[in-house]
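*Asks:* Before we start, here is the structure in question, set down as structure tokens.
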Amino acid sequence: DTGVSQDPRHKITKRGQNVTFRCDPISEHNRLYWYRQTLGQGPEFLTYFQNEAQLEKSRLLSDRFSAERPKGSFSTLEIQRTEQGDSAMYLCASSGPGPEVATNEKLFFGSGTQLSVL
Amino acid sequence: DQQVKQNSPSLSVQEGRISILNCDYTNSMFDYFLWYKKYPAEGPTFLISISSIKDKNEDGRFTVFLNKSAKHLSLHIVPSQPGDSAVYFCAASAQYGGSQGNLIFGKGTKLSVKP
């Protein structure tokens with residue numbers, strides 16, 4: 001399977017715990033994105049990487065959230081001190097290759113990690 | 001404030017008929033528009049896109065129309081099939097004056113195609 005892979009598919013945690021999600025993008029893609037989707041809403045942008053550089057972060061990404069892409073391949077998204085409001089589907093997407101975002105760039109999404117904070 | 005709006009949460013059509021899903025946007029800097037399809041428990045799958053320099057793009061049963069003056073686009077599915085039943089998201093991006101690669105999504109329209 002050469003699509004975007006996310007792990008785990010589901011995560012249930014207690015409020016106050018830390019959680020970490022992993023995303024493996026399509027191998028030839030150099031851009032990686034994290035989105036969050038809550039019930040009844042469309043995906044909302046959180047952050048994106050060009051290779052290992054984190055180029056943009058949404059105001060939705062509070063101080064409790066941190067994302068890394070240390071070698072420009074897979075990425076991790078960590079949420080510290082989880083809150084019930086963090087319950088959502090966390091989607092990873094990738095695009096590229098190319099040194100810049102193309103006008104007609106399409107994002108390819110993984111199946112997401114469904115987080116439930118009790 | 002929502003920059004991409006899908007005002008119909010749901011749509012039901014008969015198999016074989018046309019499905020028309022609508023999307024409005026407010027940001028005039030948007031220059032690329034995409035439709036994604038999403039099944040339950042899966043991530044969104046790219047369906048079709050259109051650049052702002054065009055007013056129509058066709059791919060098999062799927063056609064997207066763009067009316068820049070009205071800031072409106074629509075997705076036509078003809079003929080509709082039961083396998084098309086899913087949530088459809090309209091998304092937009094701006095190469096200039098906005099976040100590159102950052103897609104802004106609508107809330108989605110749930111399409112149900114009845115056999």
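By order in the structure tokens, chains are A, B, ...; within a chain, residues start at 1; ligands start at 1, following the order shown.
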Counting only C-alpha atoms, what is within 9 Å of Glu28 in chain A, bar same-chain residues fewer than 6 positions away, as JSON, numbers by chain?

*Replies:* {"A": [95, 96, 97]}

*Asks:* Just all heavy atoms for this one: save the residues we selected as a CSV table (one decimal), in the first residue's frame.

*Replies:*
```csv
chain,number,residue,atom,x,y,z
A,95,SER,N,1.6,15.7,0.0
A,95,SER,CA,1.6,16.2,-1.3
A,95,SER,C,3.0,16.4,-1.8
A,95,SER,O,4.0,16.4,-1.0
A,95,SER,CB,0.8,17.5,-1.5
A,95,SER,OG,1.4,18.6,-0.9
A,96,GLY,N,3.2,16.7,-3.1
A,96,GLY,CA,4.5,16.9,-3.7
A,96,GLY,C,4.7,15.9,-4.8
A,96,GLY,O,3.8,15.3,-5.3
A,97,PRO,N,5.9,15.7,-5.3
A,97,PRO,CA,7.2,16.4,-4.8
A,97,PRO,C,7.3,17.7,-5.5
A,97,PRO,O,6.4,18.2,-6.1
A,97,PRO,CB,8.2,15.4,-5.4
A,97,PRO,CG,7.6,14.9,-6.7
A,97,PRO,CD,6.1,14.8,-6.4
```

*Asks:* Pull out every residue of chain B that has at least one atom within 7 Å of chain A, counting only C-alpha atoms, and report them as an NGL selection string.

*Replies:* :B and (32 or 41-46 or 95 or 100-102 or 105-108)

*Asks:* Name the residues in contact with Asn51 in chain A at a cut-off of 8 Å, using only C-alpha atoms, excluding same-chain residues fewer than 6 positions from it; report them as an MDAnalysis selection string.

*Replies:* chainID A and resid 30:32 69 71:73

*Asks:* So the first atom is CA of Gln6 in chain B and the second is CA of Val113 in chain B; what is the distance between them in Å, to one decimal place?

*Replies:*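 Taking CA of Gln6 in chain B as the start and CA of Val113 in chain B as the end point, the length is 18.5 Å.
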
*Asks:* Please identify which residues in chain A DSSP calls strand (DSSP E) from the backbone, and express them as a VMD selection string.

*Replies:* chain A and resid 5 to 7 10 to 13 19 to 24 31 to 37 44 to 50 53 to 57 65 to 68 75 to 79 88 to 95 108 to 109 113 to 117

*Asks:* Mind pulling up the distance from CA of Thr63 in chain B to CA of Pro79 in chain B?

*Replies:*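 Taking CA of Pro79 in chain B and CA of Thr63 in chain B, their separation equals 11.2 Å.
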
*Asks:* For a quick check of understanding, using only C-alpha atoms, which of B:Asn67, B:Gln2, B:Ser85, B:Asn57 has the smallest distance to Lys38 in chain B?

*Replies:*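 Under the stated criterion, the closest residue is B:Ser85.
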